[in-house]
Amino acid sequence: MRSTRISAAVSGRTAGARRAATAAVLVLLAAAVPVSGAGAAATPSAHGPSAPPPRFVSGPCPETPEPIPVLEHARCGFLEVPENRERPGGRTVRLAVAVVPAASAKPAADPLVYMAGGPGGDAFGDIPFLVEAGLNRDRELIVMAQRGNLHSRPNLACPEIDRASAQAVGLRYDDPSARTLLLRAAEQCRGRLTADGTDLGAYNTGENAADFADLRTALGIPRWNVYAYSYGTDLALTYLRDHPQGIRAVALDSVTPPQTVSLPWTWSSAREGIDTVLRACEAQPACKSRYPDLDRTLAEQVRRLEERPLTLEAVPPQGGKPVKVVLDGGALLNLLVGNAVPAAEVPAALDELARGNPERFARARAAGAHPAVGETAYGLTESVACAEWAPGHSESDLLKAGRRAFPGWPDSVLTHAPQLPFQHEVCRVWNVPDRTGSQRVTPVSPVPTLIVSGTFDAKTGASWGERTARTLSGSTVVKIPGTGHFVVPQSPCAQQVLASFLARPTAPDTSCAADVRPKPFTIVPR
């Protein structure tokens with residue numbers, strides 16, 4: 001999962017600093033030059049009996065919001081596949097693809113394919129982080145924009161939701177006006193997309209997984225490796241379950257298991273990640289002495305802000321003029337879940353808040369006033385969330401899960417899934433078919449699988465790595481202390497582990513994890 005919609009949260013890679021506000025549009029000039037293997041038959045499970053085979057067409061690389069130097073040397077184009085494989089003869093979609101060359105002069109024969117988070121995240125925007133982390137050091141790196149995402153056609157961006165998000169930072173997190181903004185935006189986006197003929201029910205994880213199966217076939221690749229993060233791990237596990245052919249190894253970063261993910265599930269991860277940050281402070285003598293009893297401080301501040309929200313003017317982290325923000329209990333929780341305030345600063349930020357200085361949290365909240373409009377494909381976000389995560393659990397179930405996670409906190413905070421406010425109501429507007437029967441199926445596989453989790457991750461709790469591994473007999477589970485969501489780009493140790501795994505999938509060297517310690521927490525003088 002990735003922070004979404006009205007939440008001002010940002011991922012641990014400081015996404016707001018790396019992209020412009022206006023997303024570029026990809027125009028794929030159809031050179032129609034097929035690469036090796038183009039037109040080859042897809043796996044039988046990927047297509048109906050009369051559906052056309054997948055097709056890769058060479059073309060220019062996307063015009064990204066910010067320049068990505070490695071794309072100057074990449075082989076690009078698009079994959080053409082059916083929008084809905086259950087409806088042969090229907091329209092097709094085009095998914096942007098880049099094959100980034102290996103840095104090594106003698107690369108391995110089996111490339112690495114990347115599955116981005118979200119759902120709806122910009123895979124191409126992640127390329128600089130992947131390259132910096134060494135993912136193309138010894139093999140080609142293949143990046144494909146998932147169906148509906150930026151640089152693919154159709155693009156299921158919802159600028160209506162982006163604008164609602166910007167307005168909502170000046171409202172209470174659960175304010176009726178915030179609800180109205182979001183529901184109206186979802187309705188407007190849905191109406192616009194469906195009027196263009198988009199079959200929103202076809203933008204799901206099953207179709208997404210089949211796209212990657214088709215990509216391997218269309219590129220003529222006998223075997224490849226998979227690296228996925230956040231929602232991408234939900235996708236990767238679905239892909240492993242439904243299309244196991246040609247997969248050499250799978251690396252899962254910040255795991256979201258398809259058999260488990262739901263709106264109530266988000267609460268257990270929120271509790272685990274926040275708790276681990278607070279316990280890490282207790283383990284550092286200076287932090288423990290300066291910031292005692294952070295559990296109580298947090299609970300008190302959530303209750304206080306929910307009862308008496310603060311309305312402030314704050315300068316966003318990216319600079320610019322001050323904007324109006326409202327800081328209430330729901331906003332505070334979601335800023336923590338989204339790592340909007342770096343973990344090393346959380347104890348200091350909570351202490352300052354309790355002493356009347358909300359600046360760190362207010363500035364983090366203000367970041368949401370300037371979203372990168374059009375960057376996130378909320379059409380895919382909502383289609384997946386409403387078909388696969390929301391069904392089967394009522395609003396009451398969600399509230400009960402919140403109460404279990406944070407006993408005694410206000411129900412007005414606990415009634416919304418972290419990062420996904422008003423989601424049940426959004427789903428009634430979005431109105432896509434329930435897919436939980438086919439999607440919430442446990443993957444069982446002997447394929448070597450690496451599961452890497454950050455102990456500070458409050459979106460996809462680290463304990464889910466071990467639980468997910470139970471049905472993956474070739475799995476290796478690694479926890480990186482003091483790291484949050486999207487572990488590999490942040491952790492040199494995780495990068496070493498991943499490189500070792502790709503070299504020796506059945507015997508990776510994970511020893512560095514034992515020596516990793518959380519960074520020292522910020523200590524502000526009294």
# chains A, B, ... in the order shown; residues from 1 in each chain; ligands from 1

call {"tool": "residues_around", "arguments": {"residues": "region 434-443 of chain A", "least_positions_apart": "6", "cutoff": "10 Å", "atoms": "only C-alpha atoms", "output": "ChimeraX atom specification"}}
result
/A:201,204-206,234,237-242,257-262,383-384,386-392,468-472

call {"tool": "residues_around", "arguments": {"residues": "Val302 (chain A)", "least_positions_apart": "4", "cutoff": "10 Å", "atoms": "only C-alpha atoms", "output": "PyMOL selection string"}}
result
chain A and resi 296-298+306-309+327-333+409-410+413

call {"tool": "write_last_selection", "arguments": {"atoms": "all heavy atoms", "output": "short mmCIF file (atom, residue, chain, number, x, y, z; two decimals), in the first residue's frame"}}
result
data_model
loop_
_atom_site.label_atom_id
_atom_site.label_comp_id
_atom_site.auth_asym_id
_atom_site.auth_seq_id
_atom_site.Cartn_x
_atom_site.Cartn_y
_atom_site.Cartn_z
N ARG A 296 1.62 7.10 26.41
CA ARG A 296 0.63 7.97 27.03
C ARG A 296 0.58 9.33 26.33
O ARG A 296 -0.50 9.87 26.08
CB ARG A 296 0.95 8.17 28.50
CG ARG A 296 -0.12 9.00 29.24
CD ARG A 296 0.21 9.14 30.71
NE ARG A 296 1.41 9.96 30.91
CZ ARG A 296 1.93 10.22 32.11
NH1 ARG A 296 1.39 9.69 33.20
NH2 ARG A 296 3.01 10.99 32.22
N THR A 297 1.75 9.86 25.98
CA THR A 297 1.79 11.14 25.28
C THR A 297 1.02 11.08 23.98
O THR A 297 0.21 11.96 23.67
CB THR A 297 3.25 11.56 25.00
OG1 THR A 297 3.95 11.66 26.24
CG2 THR A 297 3.30 12.89 24.28
N LEU A 298 1.24 10.02 23.20
CA LEU A 298 0.55 9.87 21.92
C LEU A 298 -0.96 9.78 22.14
O LEU A 298 -1.73 10.49 21.46
CB LEU A 298 1.06 8.64 21.18
CG LEU A 298 0.29 8.25 19.90
CD1 LEU A 298 0.31 9.40 18.89
CD2 LEU A 298 0.87 6.98 19.29
N GLU A 306 -8.47 15.56 18.85
CA GLU A 306 -9.77 15.17 18.31
C GLU A 306 -10.88 15.99 18.96
O GLU A 306 -11.88 16.33 18.33
CB GLU A 306 -10.00 13.67 18.51
CG GLU A 306 -11.13 13.09 17.68
CD GLU A 306 -10.90 13.15 16.17
OE1 GLU A 306 -9.81 13.53 15.72
OE2 GLU A 306 -11.85 12.83 15.44
N GLU A 307 -10.68 16.31 20.22
CA GLU A 307 -11.68 17.13 20.93
C GLU A 307 -11.55 18.61 20.57
O GLU A 307 -12.56 19.30 20.40
CB GLU A 307 -11.50 16.95 22.44
CG GLU A 307 -12.54 17.70 23.27
CD GLU A 307 -12.37 17.46 24.76
OE1 GLU A 307 -11.65 16.51 25.13
OE2 GLU A 307 -12.95 18.23 25.54
N ARG A 308 -10.30 19.08 20.43
CA ARG A 308 -10.06 20.50 20.13
C ARG A 308 -8.99 20.60 19.03
O ARG A 308 -7.80 20.82 19.31
CB ARG A 308 -9.60 21.25 21.38
CG ARG A 308 -10.65 21.30 22.48
CD ARG A 308 -10.19 22.19 23.64
NE ARG A 308 -8.92 21.71 24.23
CZ ARG A 308 -8.84 20.74 25.13
NH1 ARG A 308 -9.94 20.12 25.54
NH2 ARG A 308 -7.67 20.36 25.62
N PRO A 309 -9.40 20.45 17.79
CA PRO A 309 -8.42 20.50 16.68
C PRO A 309 -7.71 21.86 16.62
O PRO A 309 -8.27 22.89 17.01
CB PRO A 309 -9.27 20.28 15.44
CG PRO A 309 -10.53 19.64 15.94
CD PRO A 309 -10.75 20.18 17.32
N LEU A 327 -5.15 20.25 12.31
CA LEU A 327 -4.50 19.09 12.91
C LEU A 327 -5.42 18.53 13.98
O LEU A 327 -5.65 19.16 15.02
CB LEU A 327 -3.16 19.51 13.52
CG LEU A 327 -2.20 18.40 13.96
CD1 LEU A 327 -1.81 17.52 12.79
CD2 LEU A 327 -0.96 19.01 14.61
N ASP A 328 -6.01 17.37 13.70
CA ASP A 328 -6.87 16.69 14.67
C ASP A 328 -6.31 15.30 14.92
O ASP A 328 -5.23 14.95 14.43
CB ASP A 328 -8.33 16.65 14.20
CG ASP A 328 -8.52 15.85 12.92
OD1 ASP A 328 -7.52 15.39 12.33
OD2 ASP A 328 -9.68 15.67 12.50
N GLY A 329 -7.02 14.49 15.70
CA GLY A 329 -6.50 13.18 16.05
C GLY A 329 -6.32 12.26 14.85
O GLY A 329 -5.33 11.54 14.76
N GLY A 330 -7.27 12.29 13.93
CA GLY A 330 -7.16 11.46 12.73
C GLY A 330 -5.99 11.86 11.87
O GLY A 330 -5.27 11.01 11.34
N ALA A 331 -5.78 13.17 11.72
CA ALA A 331 -4.64 13.63 10.93
C ALA A 331 -3.32 13.23 11.59
O ALA A 331 -2.39 12.78 10.91
CB ALA A 331 -4.70 15.15 10.76
N LEU A 332 -3.25 13.36 12.92
CA LEU A 332 -2.02 12.98 13.63
C LEU A 332 -1.69 11.52 13.41
O LEU A 332 -0.55 11.16 13.08
CB LEU A 332 -2.18 13.27 15.13
CG LEU A 332 -1.03 12.82 16.04
CD1 LEU A 332 0.28 13.49 15.63
CD2 LEU A 332 -1.35 13.13 17.50
N LEU A 333 -2.67 10.65 13.57
CA LEU A 333 -2.44 9.21 13.36
C LEU A 333 -1.95 8.94 11.95
O LEU A 333 -0.98 8.20 11.74
CB LEU A 333 -3.72 8.42 13.62
CG LEU A 333 -3.65 6.96 13.20
CD1 LEU A 333 -2.71 6.17 14.10
CD2 LEU A 333 -5.02 6.32 13.17
N TRP A 409 -9.03 5.03 22.22
CA TRP A 409 -8.95 6.18 21.32
C TRP A 409 -10.35 6.53 20.81
O TRP A 409 -11.24 5.67 20.76
CB TRP A 409 -8.04 5.88 20.15
CG TRP A 409 -6.58 5.94 20.49
CD1 TRP A 409 -6.01 5.78 21.72
CD2 TRP A 409 -5.51 6.17 19.58
NE1 TRP A 409 -4.65 5.89 21.64
CE2 TRP A 409 -4.31 6.13 20.34
CE3 TRP A 409 -5.42 6.40 18.22
CZ2 TRP A 409 -3.05 6.34 19.75
CZ3 TRP A 409 -4.18 6.59 17.64
CH2 TRP A 409 -3.01 6.56 18.39
N PRO A 410 -10.58 7.76 20.38
CA PRO A 410 -11.91 8.16 19.92
C PRO A 410 -12.37 7.36 18.70
O PRO A 410 -11.59 7.13 17.77
CB PRO A 410 -11.73 9.64 19.56
CG PRO A 410 -10.53 10.09 20.34
CD PRO A 410 -9.63 8.90 20.41
N VAL A 413 -11.70 8.67 15.21
CA VAL A 413 -10.39 8.38 14.61
C VAL A 413 -10.36 6.96 14.07
O VAL A 413 -9.82 6.71 12.99
CB VAL A 413 -9.27 8.57 15.65
CG1 VAL A 413 -7.92 8.12 15.10
CG2 VAL A 413 -9.19 10.03 16.10
#

call {"tool": "select_by_dssp", "arguments": {"residues": "region 93-305 of chain A", "states": "alpha helix (DSSP H)", "output": "PyMOL selection string"}}
result
chain A and resi 127-132+159-168+176-195+205-218+231-242+265-283+285-290+294-305

call {"tool": "residues_around", "arguments": {"residues": "Ala164 (chain A)", "least_positions_apart": "3", "cutoff": "8 Å", "atoms": "only C-alpha atoms", "output": "MDAnalysis selection string"}}
result
chainID A and resid 6 160:161 167:168 178 181:182 185

call {"tool": "write_last_selection", "arguments": {"atoms": "N, CA, C and O atoms", "output": "compact mmCIF listing (two decimals), in the first residue's frame"}}
result
# COMPACT_ATOMS: atom_id res chain seq x y z
N ILE A 6 -6.70 11.73 0.73
CA ILE A 6 -6.76 12.93 1.56
C ILE A 6 -5.63 12.96 2.57
O ILE A 6 -5.27 14.02 3.06
N GLU A 160 -9.44 15.21 -10.00
CA GLU A 160 -10.51 15.62 -9.08
C GLU A 160 -10.16 15.22 -7.64
O GLU A 160 -10.38 15.99 -6.69
N ILE A 161 -9.61 14.03 -7.47
CA ILE A 161 -9.23 13.57 -6.13
C ILE A 161 -7.99 14.30 -5.64
O ILE A 161 -7.87 14.63 -4.46
N GLN A 167 -7.54 20.48 -0.79
CA GLN A 167 -8.48 21.25 0.02
C GLN A 167 -8.64 20.66 1.42
O GLN A 167 -8.84 21.39 2.39
N ALA A 168 -8.56 19.36 1.52
CA ALA A 168 -8.87 18.68 2.77
C ALA A 168 -7.85 18.93 3.88
O ALA A 168 -8.17 18.72 5.05
N ALA A 178 -14.93 17.24 4.24
CA ALA A 178 -13.89 16.41 3.61
C ALA A 178 -14.53 15.19 2.95
O ALA A 178 -14.14 14.79 1.85
N LEU A 181 -16.19 16.40 -0.25
CA LEU A 181 -15.17 16.64 -1.27
C LEU A 181 -14.72 15.34 -1.93
O LEU A 181 -14.63 15.25 -3.17
N LEU A 182 -14.41 14.35 -1.11
CA LEU A 182 -13.88 13.10 -1.63
C LEU A 182 -14.92 12.34 -2.44
O LEU A 182 -14.63 11.85 -3.55
N ALA A 185 -15.52 14.06 -5.71
CA ALA A 185 -14.38 13.87 -6.61
C ALA A 185 -14.37 12.46 -7.20
O ALA A 185 -14.12 12.28 -8.39

call {"tool": "residues_around", "arguments": {"residues": "Ala270 (chain A)", "least_positions_apart": "4", "cutoff": "12 Å", "atoms": "only C-alpha atoms", "output": "mmCIF file with C-alpha atoms, in the first residue's frame"}}
result
data_model
loop_
_atom_site.group_PDB
_atom_site.id
_atom_site.type_symbol
_atom_site.label_atom_id
_atom_site.label_comp_id
_atom_site.auth_asym_id
_atom_site.auth_seq_id
_atom_site.Cartn_x
_atom_site.Cartn_y
_atom_site.Cartn_z
ATOM 1 C CA LEU A 263 -9.475 -2.452 5.379
ATOM 2 C CA PRO A 264 -9.440 -3.846 8.959
ATOM 3 C CA TRP A 265 -5.984 -5.348 8.278
ATOM 4 C CA THR A 266 -4.516 -1.852 8.039
ATOM 5 C CA ILE A 274 4.072 2.940 15.642
ATOM 6 C CA ASP A 275 4.739 0.693 18.636
ATOM 7 C CA THR A 276 8.106 -0.343 17.239
ATOM 8 C CA VAL A 277 9.186 3.286 16.867
ATOM 9 C CA LEU A 333 -2.437 9.215 13.360
ATOM 10 C CA ASN A 334 -2.245 9.252 9.576
ATOM 11 C CA LEU A 335 0.856 11.420 9.545
ATOM 12 C CA LEU A 336 2.520 8.807 11.758
ATOM 13 C CA VAL A 337 1.348 5.894 9.613
ATOM 14 C CA GLY A 338 2.552 7.628 6.464
ATOM 15 C CA ASN A 339 5.995 8.438 7.892
ATOM 16 C CA ALA A 401 -10.232 -3.559 14.406
ATOM 17 C CA GLY A 402 -9.329 0.027 15.208
ATOM 18 C CA ARG A 404 -8.373 -3.530 19.169
ATOM 19 C CA ALA A 405 -5.342 -1.700 17.850
ATOM 20 C CA PHE A 406 -5.749 1.470 19.899
ATOM 21 C CA LEU A 414 -10.822 4.611 14.495
ATOM 22 C CA ALA A 417 -8.869 2.764 7.721
ATOM 23 C CA PRO A 418 -5.454 4.432 7.970
ATOM 24 C CA GLN A 419 -4.661 6.229 4.710
ATOM 25 C CA THR A 455 10.493 -2.701 11.598
ATOM 26 C CA PHE A 456 9.237 0.922 11.550
ATOM 27 C CA ASP A 457 6.746 0.233 8.745
ATOM 28 C CA ALA A 458 3.244 1.278 9.895
ATOM 29 C CA LYS A 459 1.596 0.564 6.528
ATOM 30 C CA THR A 460 2.630 -3.070 6.072
ATOM 31 C CA GLY A 461 3.757 -4.349 9.466
ATOM 32 C CA ALA A 462 6.995 -6.331 9.599
ATOM 33 C CA SER A 463 5.350 -9.331 11.270
ATOM 34 C CA GLY A 484 10.081 2.089 7.321
ATOM 35 C CA HIS A 485 8.120 1.424 4.143
#

call {"tool": "select_by_dssp", "arguments": {"residues": "region 264-512 of chain A", "states": "strand (DSSP E or B)", "output": "list in words"}}
result
Leu310, Thr311, Leu312, Glu313, Ala314, Val323, Lys324, Val325, Val326, Leu327, Val373, Ala417, Leu420, Ser445, Thr449, Leu450, Ile451, Val452, Ser453, Gly454, Leu472, Ser475, Thr476, Val477, Val478, Lys479 and Ile480 of chain A

call {"tool": "atom_distance", "arguments": {"atom1": "CA of Gln495 (chain A)", "atom2": "CA of Ala343 (chain A)"}}
result
20.5 Å

call {"tool": "atom_distance", "arguments": {"atom1": "CA of Leu312 (chain A)", "atom2": "CA of Ala362 (chain A)"}}
result
7.3 Å

call {"tool": "closest_atom_pairs", "arguments": {"of": "region 346-451 of chain A", "to": "region 244-248 of chain A", "cutoff": "12 Å", "atoms": "only C-alpha atoms", "output": "JSON lines"}}
result
{"residue": "A:Pro443", "atom": "CA", "partner": "A:Pro244", "partner_atom": "CA", "distance": 10.4}
{"residue": "A:Val444", "atom": "CA", "partner": "A:Pro244", "partner_atom": "CA", "distance": 10.4}
{"residue": "A:Ser445", "atom": "CA", "partner": "A:Pro244", "partner_atom": "CA", "distance": 8.5}
{"residue": "A:Pro446", "atom": "CA", "partner": "A:Pro244", "partner_atom": "CA", "distance": 10.1}
{"residue": "A:Val447", "atom": "CA", "partner": "A:Arg248", "partner_atom": "CA", "distance": 6.9}
{"residue": "A:Pro448", "atom": "CA", "partner": "A:Arg248", "partner_atom": "CA", "distance": 7.4}
{"residue": "A:Thr449", "atom": "CA", "partner": "A:Arg248", "partner_atom": "CA", "distance": 9.3}
{"residue": "A:Leu450", "atom": "CA", "partner": "A:Arg248", "partner_atom": "CA", "distance": 11.9}

call {"tool": "residues_around", "arguments": {"residues": "Tyr378 (chain A)", "least_positions_apart": "5", "cutoff": "10 Å", "atoms": "only C-alpha atoms", "output": "list in words"}}
result
Thr4, Arg5, Gly118, Pro119, Gly120, Gly121, Gly148, Asn149, Asn155, Leu156, Ala157, Cys158, Pro159, Glu160, Ile161, Asp162, Ala186, Cys189, Arg190, Ser383 and Val384 of chain A

call {"tool": "residues_around", "arguments": {"residues": "Pro82 (chain A)", "least_positions_apart": "4", "cutoff": "9 Å", "atoms": "only C-alpha atoms", "output": "ChimeraX atom specification"}}
result
/A:47,51-54,86-94,211

call {"tool": "residues_around", "arguments": {"residues": "Asp253 (chain A)", "least_positions_apart": "3", "cutoff": "8 Å", "atoms": "only C-alpha atoms", "output": "ChimeraX atom specification"}}
result
/A:227-230,233,451-453,486-488

call {"tool": "closest_residue", "arguments": {"among": "A:Pro176, A:Pro62, A:Pro317, A:Gly379", "to": "Arg192 (chain A)", "atoms": "only C-alpha atoms"}}
result
A:Gly379

call {"tool": "closest_residue", "arguments": {"among": "A:Ala367, A:Glu83, A:Lys479, A:Ser500", "to": "Arg517 (chain A)", "atoms": "only C-alpha atoms"}}
result
A:Lys479

call {"tool": "closest_residue", "arguments": {"among": "A:Val255, A:Val169, A:Thr506, A:Arg526", "to": "Ala366 (chain A)", "atoms": "only C-alpha atoms"}}
result
A:Val169

call {"tool": "closest_residue", "arguments": {"among": "A:Gly374, A:Pro481, A:Pro358, A:Pro128", "to": "Leu150 (chain A)", "atoms": "only C-alpha atoms"}}
result
A:Gly374

call {"tool": "atom_distance", "arguments": {"atom1": "CA of Ala195 (chain A)", "atom2": "CA of Ala377 (chain A)"}}
result
16.9 Å
